[in-house]
>>> print(open('coords.cif').read())   # mmCIF, C-alpha atoms
data_structure
#
loop_
_atom_site.label_atom_id
_atom_site.label_comp_id
_atom_site.auth_asym_id
_atom_site.auth_seq_id
_atom_site.Cartn_x
_atom_site.Cartn_y
_atom_site.Cartn_z
CA MET A 1 -13.62 -33.44 -40.78
CA LYS A 2 -12.87 -30.78 -38.21
CA ARG A 3 -14.26 -27.35 -39.00
CA LYS A 4 -12.20 -24.18 -38.74
CA PRO A 5 -13.02 -22.04 -35.70
CA THR A 6 -14.60 -18.66 -36.30
CA SER A 7 -14.52 -15.43 -34.33
CA ARG A 8 -17.96 -16.35 -32.94
CA ASP A 9 -16.40 -19.37 -31.22
CA MET A 10 -14.73 -17.02 -28.72
CA ASP A 11 -18.22 -16.31 -27.36
CA LEU A 12 -18.67 -19.97 -26.46
CA PRO A 13 -17.97 -21.14 -22.91
CA LEU A 14 -14.43 -22.40 -22.29
CA VAL A 15 -15.48 -26.05 -22.08
CA GLU A 16 -17.39 -25.89 -25.37
CA ARG A 17 -14.35 -24.36 -27.08
CA ALA A 18 -12.24 -27.23 -25.72
CA TYR A 19 -14.55 -29.81 -27.29
CA LEU A 20 -14.55 -27.85 -30.54
CA ALA A 21 -10.75 -27.57 -30.59
CA PHE A 22 -10.30 -31.33 -30.19
CA ALA A 23 -13.20 -32.38 -32.44
CA GLY A 24 -10.79 -33.93 -34.94
CA ALA A 25 -9.10 -36.27 -32.45
CA SER A 26 -9.78 -39.94 -33.18
CA ARG A 27 -11.57 -42.14 -30.66
CA PRO A 28 -9.34 -44.92 -29.30
CA ILE A 29 -10.34 -48.33 -30.61
CA ALA A 30 -8.24 -50.57 -28.38
CA MET A 31 -6.12 -48.72 -25.82
CA GLU A 32 -2.97 -50.45 -24.78
CA HIS A 33 -2.89 -50.91 -21.03
CA SER A 34 -1.20 -52.67 -18.19
CA PRO A 35 -2.65 -56.09 -17.38
CA TYR A 36 -3.21 -54.69 -13.89
CA ARG A 37 -5.81 -52.21 -15.17
CA ASP A 38 -9.47 -53.16 -15.12
CA PRO A 39 -10.39 -54.32 -18.66
CA LEU A 40 -14.05 -53.41 -18.06
CA TRP A 41 -13.01 -49.83 -17.23
CA ILE A 42 -10.86 -49.74 -20.38
CA LYS A 43 -13.80 -50.94 -22.52
CA ARG A 44 -16.08 -48.36 -20.87
CA MET A 45 -13.59 -45.56 -21.64
CA GLU A 46 -13.32 -46.70 -25.26
CA ALA A 47 -17.11 -47.01 -25.73
CA THR A 48 -18.46 -44.02 -23.78
CA PRO A 49 -18.79 -40.74 -25.68
CA LYS A 50 -16.20 -38.44 -24.12
CA ARG A 51 -18.78 -35.91 -22.92
CA ASP A 52 -20.53 -38.71 -21.01
CA ILE A 53 -17.46 -40.07 -19.20
CA SER A 54 -18.08 -39.86 -15.46
CA ASP A 55 -16.00 -37.63 -13.20
CA ASP A 56 -14.67 -40.75 -11.46
CA ASP A 57 -13.60 -42.36 -14.73
CA ILE A 58 -11.88 -39.25 -16.09
CA HIS A 59 -10.16 -38.76 -12.74
CA TYR A 60 -8.88 -42.34 -12.83
CA TYR A 61 -7.77 -41.88 -16.43
CA ALA A 62 -5.92 -38.68 -15.54
CA GLY A 63 -3.75 -40.61 -13.11
CA THR A 64 -3.08 -43.61 -15.38
CA ALA A 65 -2.86 -42.02 -18.83
CA LEU A 66 0.31 -42.72 -20.79
CA THR A 67 1.98 -44.51 -17.89
CA THR A 68 -0.23 -47.60 -17.77
CA VAL A 69 -3.13 -46.76 -20.11
CA GLY A 70 -3.09 -45.52 -23.69
CA ASP A 71 -0.79 -43.32 -25.72
CA GLY A 72 -0.48 -39.67 -26.72
CA GLU A 73 -3.25 -39.86 -29.32
CA ASP A 74 -5.62 -41.35 -26.74
CA TYR A 75 -4.73 -38.52 -24.35
CA ARG A 76 -5.43 -35.99 -27.09
CA TYR A 77 -8.86 -37.58 -27.69
CA PHE A 78 -9.79 -37.40 -23.99
CA MET A 79 -8.27 -33.92 -23.53
CA PRO A 80 -11.53 -31.92 -23.77
CA ARG A 81 -13.11 -34.09 -21.07
CA LEU A 82 -9.99 -33.67 -18.92
CA LEU A 83 -10.08 -29.91 -19.48
CA GLU A 84 -13.77 -29.87 -18.55
CA ALA A 85 -12.91 -31.65 -15.29
CA VAL A 86 -10.16 -29.08 -14.59
CA VAL A 87 -12.53 -26.17 -15.27
CA ASN A 88 -15.18 -27.71 -13.03
CA ASP A 89 -12.58 -28.58 -10.36
CA LYS A 90 -13.44 -32.30 -10.60
CA VAL A 91 -9.93 -33.71 -11.12
CA VAL A 92 -8.21 -34.00 -7.78
CA HIS A 93 -4.83 -34.99 -9.18
CA ALA A 94 -2.18 -32.34 -8.71
CA ALA A 95 -1.73 -30.04 -11.69
CA TYR A 96 1.75 -31.44 -12.33
CA VAL A 97 0.21 -34.85 -13.14
CA ILE A 98 -1.84 -33.32 -15.97
CA VAL A 99 1.15 -31.28 -17.19
CA ASP A 100 3.50 -34.28 -17.04
CA ARG A 101 1.06 -36.24 -19.20
CA LEU A 102 0.73 -33.33 -21.64
CA GLU A 103 4.48 -33.30 -22.01
CA MET A 104 4.58 -37.09 -22.47
CA ALA A 105 1.83 -36.83 -25.12
CA GLY A 106 3.85 -34.28 -27.11
CA TRP A 107 1.19 -31.57 -26.77
CA THR A 108 3.48 -28.88 -28.16
CA ALA A 109 3.18 -30.56 -31.58
CA TRP A 110 -0.64 -30.39 -31.47
CA SER A 111 -2.45 -27.74 -33.48
CA ALA A 112 -2.24 -24.11 -32.34
CA GLU A 113 -5.96 -24.22 -31.52
CA GLU A 114 -5.47 -27.27 -29.26
CA ARG A 115 -2.42 -25.76 -27.55
CA ASP A 116 -4.21 -22.45 -27.03
CA ILE A 117 -7.21 -24.02 -25.29
CA VAL A 118 -4.92 -26.08 -23.04
CA LEU A 119 -3.13 -22.87 -22.03
CA GLU A 120 -6.41 -21.02 -21.59
CA VAL A 121 -7.74 -23.68 -19.22
CA ALA A 122 -4.43 -23.68 -17.32
CA GLU A 123 -4.68 -19.87 -17.03
CA PHE A 124 -8.25 -20.21 -15.76
CA ALA A 125 -7.20 -22.80 -13.16
CA ALA A 126 -4.21 -20.68 -12.09
CA ALA A 127 -6.39 -17.57 -11.71
CA ARG A 128 -8.87 -19.57 -9.64
CA GLU A 129 -6.05 -20.80 -7.40
CA ALA A 130 -4.65 -17.27 -7.03
CA ALA A 131 -8.09 -15.97 -5.99
CA ASN A 132 -8.54 -18.83 -3.53
CA PHE A 133 -5.08 -18.17 -2.11
CA ALA A 134 -5.84 -14.46 -1.73
CA ARG A 135 -9.00 -15.32 0.24
CA TYR A 136 -6.99 -17.77 2.33
CA LEU A 137 -4.40 -15.09 3.15
CA ALA A 138 -7.13 -12.59 4.01
CA ASP A 139 -8.39 -15.08 6.60
CA ASP A 140 -4.90 -16.06 7.81
CA PRO A 141 -2.12 -13.58 6.88
CA TRP A 142 0.48 -15.99 8.26
CA GLY A 143 -0.83 -18.76 5.99
CA GLY A 144 1.69 -21.18 4.53
CA ASP A 145 3.41 -21.02 1.18
CA GLU A 146 0.66 -22.56 -0.95
CA ALA A 147 1.41 -20.15 -3.83
CA ALA A 148 4.86 -21.73 -4.16
CA ASN A 149 3.48 -25.28 -4.18
CA PRO A 150 4.78 -26.99 -7.35
CA GLU A 151 1.63 -29.09 -7.48
CA ASN A 152 -0.61 -26.12 -8.27
CA TRP A 153 -1.68 -24.56 -11.56
CA ILE A 154 0.09 -21.26 -10.90
CA ILE A 155 3.48 -22.99 -11.17
CA GLN A 156 2.41 -25.50 -13.83
CA LEU A 157 1.09 -22.76 -16.13
CA GLN A 158 4.60 -21.30 -16.26
CA ARG A 159 5.97 -24.74 -17.03
CA LEU A 160 3.51 -25.18 -19.92
CA LYS A 161 4.39 -21.78 -21.35
CA ALA A 162 8.10 -22.60 -21.20
CA MET A 163 7.80 -25.80 -23.27
CA PRO A 164 9.15 -25.16 -26.76
CA VAL A 165 6.72 -25.43 -29.67
CA PRO A 166 8.28 -27.06 -32.75
CA GLN A 167 8.50 -24.67 -35.68
CA PRO A 168 7.60 -25.94 -39.15
CA ASP A 169 10.66 -26.11 -41.37
CA ASN A 170 8.65 -25.27 -44.52
CA GLY A 171 10.85 -27.63 -46.53
CA LYS A 172 14.03 -25.69 -45.78
CA ARG A 173 17.21 -27.58 -45.02
CA ARG A 174 20.19 -26.22 -43.16
#
>>> encode(input="coords.cif", output="structure tokens")
Amino acid sequence: MKRKPTSRDMDLPLVERAYLAFAGASRPIAMEHSPYRDPLWIKRMEATPKRDISDDDIHYYAGTALTTVGDGEDYRYFMPRLLEAVVNDKVVHAAYVIVDRLEMAGWTAWSAEERDIVLEVAEFAAAREAANFARYLADDPWGGDEAANPENWIIQLQRLKAMPVPQPDNGKRR
């Protein structure tokens, strides 16, 4: 059973809080997948503890999740490893790929703790991009329009924040 977070958890590093937030997600037993996906890779993803999944495997999963491999619950299970890869700048897929998959997985219906850590990682990635862009502009003031690139976390963070979170009806009927 997943334990409730405490105020001390805020002192943990971002990645550790991600693993803690998603501790209750169930490991996939047999992920559905396209027959064109490598069955040995699928078995490796199902069998490897999520913290031990290689950067290459999580990167590949990030690009195939929900479209040709797995479902929303599988994505939720692998989310802390995906967030770790984002924090460590190891996923080279554009930010919109991760956000598209979050939307497909129905992330707004996840627990508040899970949604909060997703947003916190997105904010971290966006701040990192903003700092990198500021350094880029300092070197080349005529630099392109990278800050307006829809593939980056700065734009995708706003998209995540705009997605409506379902409100519990508390048994009330209209």
>>> closest_residue(input="coords.cif", among="A:Val165, A:Ala130, A:Val92, A:Ala138", to="Thr108 (chain A)", atoms="all atoms listed in the file")
A:Val165
>>> residues_around(input="coords.cif", residues="Glu32 (chain A)", least_positions_apart="3", cutoff="12 Å", atoms="all atoms listed in the file", output="PDB file with C-alpha atoms, in the frame of the given file")
ATOM      1  CA  PRO A  28      -9.340 -44.920 -29.300  1.00  0.00           C
ATOM      2  CA  ILE A  29     -10.340 -48.330 -30.610  1.00  0.00           C
ATOM      3  CA  PRO A  35      -2.650 -56.090 -17.380  1.00  0.00           C
ATOM      4  CA  TYR A  36      -3.210 -54.690 -13.890  1.00  0.00           C
ATOM      5  CA  ARG A  37      -5.810 -52.210 -15.170  1.00  0.00           C
ATOM      6  CA  ASP A  38      -9.470 -53.160 -15.120  1.00  0.00           C
ATOM      7  CA  PRO A  39     -10.390 -54.320 -18.660  1.00  0.00           C
ATOM      8  CA  ILE A  42     -10.860 -49.740 -20.380  1.00  0.00           C
ATOM      9  CA  LYS A  43     -13.800 -50.940 -22.520  1.00  0.00           C
ATOM     10  CA  GLU A  46     -13.320 -46.700 -25.260  1.00  0.00           C
ATOM     11  CA  THR A  64      -3.080 -43.610 -15.380  1.00  0.00           C
ATOM     12  CA  ALA A  65      -2.860 -42.020 -18.830  1.00  0.00           C
ATOM     13  CA  LEU A  66       0.310 -42.720 -20.790  1.00  0.00           C
ATOM     14  CA  THR A  67       1.980 -44.510 -17.890  1.00  0.00           C
ATOM     15  CA  THR A  68      -0.230 -47.600 -17.770  1.00  0.00           C
ATOM     16  CA  VAL A  69      -3.130 -46.760 -20.110  1.00  0.00           C
ATOM     17  CA  GLY A  70      -3.090 -45.520 -23.690  1.00  0.00           C
ATOM     18  CA  ASP A  71      -0.790 -43.320 -25.720  1.00  0.00           C
ATOM     19  CA  GLY A  72      -0.480 -39.670 -26.720  1.00  0.00           C
ATOM     20  CA  GLU A  73      -3.250 -39.860 -29.320  1.00  0.00           C
ATOM     21  CA  ASP A  74      -5.620 -41.350 -26.740  1.00  0.00           C
TER      22      ASP A  74
END
>>> closest_residue(input="coords.cif", among="A:Val86, A:Val91, A:Ile98, A:Ile117", to="Leu20 (chain A)", atoms="only C-alpha atoms")
A:Ile117
>>> atom_distance(input="coords.cif", atom1="CA of Ala109 (chain A)", atom2="CA of Tyr19 (chain A)")
18.3 Å
>>> closest_residue(input="coords.cif", among="A:Phe133, A:Tyr96, A:Trp153, A:Tyr75", to="Glu120 (chain A)", atoms="all atoms listed in the file")
A:Trp153
>>> atom_distance(input="coords.cif", atom1="CA of Tyr136 (chain A)", atom2="CA of Val99 (chain A)")
25.1 Å
>>> resolve_selection(input="coords.cif", expression="the PyMOL selection byres ((chain A and resi 53-61) around 8)", output="list in words")
Trp41, Met45, Thr48, Pro49, Lys50, Arg51, Asp52, Ala62, Gly63, Thr64, Ala65, Val69, Arg81, Leu82, Ala85, Lys90, Val91, Val92 and His93 of chain A
>>> closest_residue(input="coords.cif", among="A:Asn152, A:Leu160, A:Asn88, A:Ala125", to="Glu103 (chain A)", atoms="only C-alpha atoms")
A:Leu160
>>> resolve_selection(input="coords.cif", expression="the PyMOL selection byres ((chain A and resi 14-17) around 9)", output="short mmCIF file (atom, residue, chain, number, x, y, z; two decimals) with C-alpha atoms, in the frame of the given file")
data_model
loop_
_atom_site.label_atom_id
_atom_site.label_comp_id
_atom_site.auth_asym_id
_atom_site.auth_seq_id
_atom_site.Cartn_x
_atom_site.Cartn_y
_atom_site.Cartn_z
CA ASP A 9 -16.40 -19.37 -31.22
CA MET A 10 -14.73 -17.02 -28.72
CA ASP A 11 -18.22 -16.31 -27.36
CA LEU A 12 -18.67 -19.97 -26.46
CA PRO A 13 -17.97 -21.14 -22.91
CA ALA A 18 -12.24 -27.23 -25.72
CA TYR A 19 -14.55 -29.81 -27.29
CA LEU A 20 -14.55 -27.85 -30.54
CA ALA A 21 -10.75 -27.57 -30.59
CA PHE A 22 -10.30 -31.33 -30.19
CA PRO A 80 -11.53 -31.92 -23.77
CA ARG A 81 -13.11 -34.09 -21.07
CA LEU A 83 -10.08 -29.91 -19.48
CA GLU A 84 -13.77 -29.87 -18.55
CA VAL A 87 -12.53 -26.17 -15.27
CA ILE A 117 -7.21 -24.02 -25.29
CA GLU A 120 -6.41 -21.02 -21.59
CA VAL A 121 -7.74 -23.68 -19.22
#
>>> atom_distance(input="coords.cif", atom1="CA of Val118 (chain A)", atom2="CA of Arg135 (chain A)")
26.0 Å
>>> resolve_selection(input="coords.cif", expression="the PyMOL selection byres ((chain A and resi 111) around 12)", output="PyMOL selection string")
chain A and resi 2+4+21-25+76+106-110+112-118+165-168
>>> residues_near_point(input="coords.cif", point="(-4.4, -17.1, -14.8)", cutoff="12 Å", atoms="all atoms listed in the file", output="ChimeraX atom specification")
/A:119-131,152-158,161
>>> axis_aligned_box(input="coords.cif", around="region 55-60 of chain A", padding_each_side="5 Å", output="AutoDock Vina command-line options")
--center_x -12.4 --center_y -40.0 --center_z -13.8 --size_x 17.1 --size_y 14.7 --size_z 14.6
>>> build_atoms(input="coords.cif", residues="region 82-93 of chain A", atoms="N, CA, C and O atoms", output="PDB file, in the frame of the given file")
ATOM      1  N   LEU A  82     -10.916 -33.996 -20.007  1.00  0.00           N
ATOM      2  CA  LEU A  82      -9.990 -33.670 -18.920  1.00  0.00           C
ATOM      3  C   LEU A  82     -10.015 -32.174 -18.625  1.00  0.00           C
ATOM      4  O   LEU A  82     -10.052 -31.768 -17.460  1.00  0.00           O
ATOM      5  N   LEU A  83     -10.032 -31.361 -19.673  1.00  0.00           N
ATOM      6  CA  LEU A  83     -10.080 -29.910 -19.480  1.00  0.00           C
ATOM      7  C   LEU A  83     -11.386 -29.493 -18.816  1.00  0.00           C
ATOM      8  O   LEU A  83     -11.398 -28.618 -17.943  1.00  0.00           O
ATOM      9  N   GLU A  84     -12.483 -30.143 -19.196  1.00  0.00           N
ATOM     10  CA  GLU A  84     -13.770 -29.870 -18.550  1.00  0.00           C
ATOM     11  C   GLU A  84     -13.690 -30.174 -17.057  1.00  0.00           C
ATOM     12  O   GLU A  84     -14.174 -29.399 -16.226  1.00  0.00           O
ATOM     13  N   ALA A  85     -13.059 -31.290 -16.705  1.00  0.00           N
ATOM     14  CA  ALA A  85     -12.910 -31.650 -15.290  1.00  0.00           C
ATOM     15  C   ALA A  85     -12.044 -30.633 -14.552  1.00  0.00           C
ATOM     16  O   ALA A  85     -12.323 -30.299 -13.399  1.00  0.00           O
ATOM     17  N   VAL A  86     -11.006 -30.115 -15.203  1.00  0.00           N
ATOM     18  CA  VAL A  86     -10.160 -29.080 -14.590  1.00  0.00           C
ATOM     19  C   VAL A  86     -10.983 -27.818 -14.362  1.00  0.00           C
ATOM     20  O   VAL A  86     -10.971 -27.239 -13.268  1.00  0.00           O
ATOM     21  N   VAL A  87     -11.709 -27.388 -15.380  1.00  0.00           N
ATOM     22  CA  VAL A  87     -12.530 -26.170 -15.270  1.00  0.00           C
ATOM     23  C   VAL A  87     -13.544 -26.309 -14.141  1.00  0.00           C
ATOM     24  O   VAL A  87     -13.744 -25.391 -13.347  1.00  0.00           O
ATOM     25  N   ASN A  88     -14.157 -27.479 -14.046  1.00  0.00           N
ATOM     26  CA  ASN A  88     -15.180 -27.710 -13.030  1.00  0.00           C
ATOM     27  C   ASN A  88     -14.609 -28.172 -11.689  1.00  0.00           C
ATOM     28  O   ASN A  88     -15.361 -28.524 -10.790  1.00  0.00           O
ATOM     29  N   ASP A  89     -13.279 -28.185 -11.592  1.00  0.00           N
ATOM     30  CA  ASP A  89     -12.580 -28.580 -10.360  1.00  0.00           C
ATOM     31  C   ASP A  89     -12.967 -29.985  -9.910  1.00  0.00           C
ATOM     32  O   ASP A  89     -13.180 -30.243  -8.735  1.00  0.00           O
ATOM     33  N   LYS A  90     -13.050 -30.914 -10.876  1.00  0.00           N
ATOM     34  CA  LYS A  90     -13.440 -32.300 -10.600  1.00  0.00           C
ATOM     35  C   LYS A  90     -12.270 -33.279 -10.650  1.00  0.00           C
ATOM     36  O   LYS A  90     -12.445 -34.438 -10.329  1.00  0.00           O
ATOM     37  N   VAL A  91     -11.102 -32.844 -11.119  1.00  0.00           N
ATOM     38  CA  VAL A  91      -9.930 -33.710 -11.120  1.00  0.00           C
ATOM     39  C   VAL A  91      -9.116 -33.356  -9.893  1.00  0.00           C
ATOM     40  O   VAL A  91      -8.675 -32.218  -9.747  1.00  0.00           O
ATOM     41  N   VAL A  92      -8.927 -34.306  -9.014  1.00  0.00           N
ATOM     42  CA  VAL A  92      -8.210 -34.000  -7.780  1.00  0.00           C
ATOM     43  C   VAL A  92      -6.721 -34.314  -7.864  1.00  0.00           C
ATOM     44  O   VAL A  92      -6.004 -34.095  -6.903  1.00  0.00           O
ATOM     45  N   HIS A  93      -6.267 -34.794  -9.008  1.00  0.00           N
ATOM     46  CA  HIS A  93      -4.830 -34.990  -9.180  1.00  0.00           C
ATOM     47  C   HIS A  93      -4.154 -33.624  -9.179  1.00  0.00           C
ATOM     48  O   HIS A  93      -4.722 -32.634  -9.642  1.00  0.00           O
TER      49      HIS A  93
END
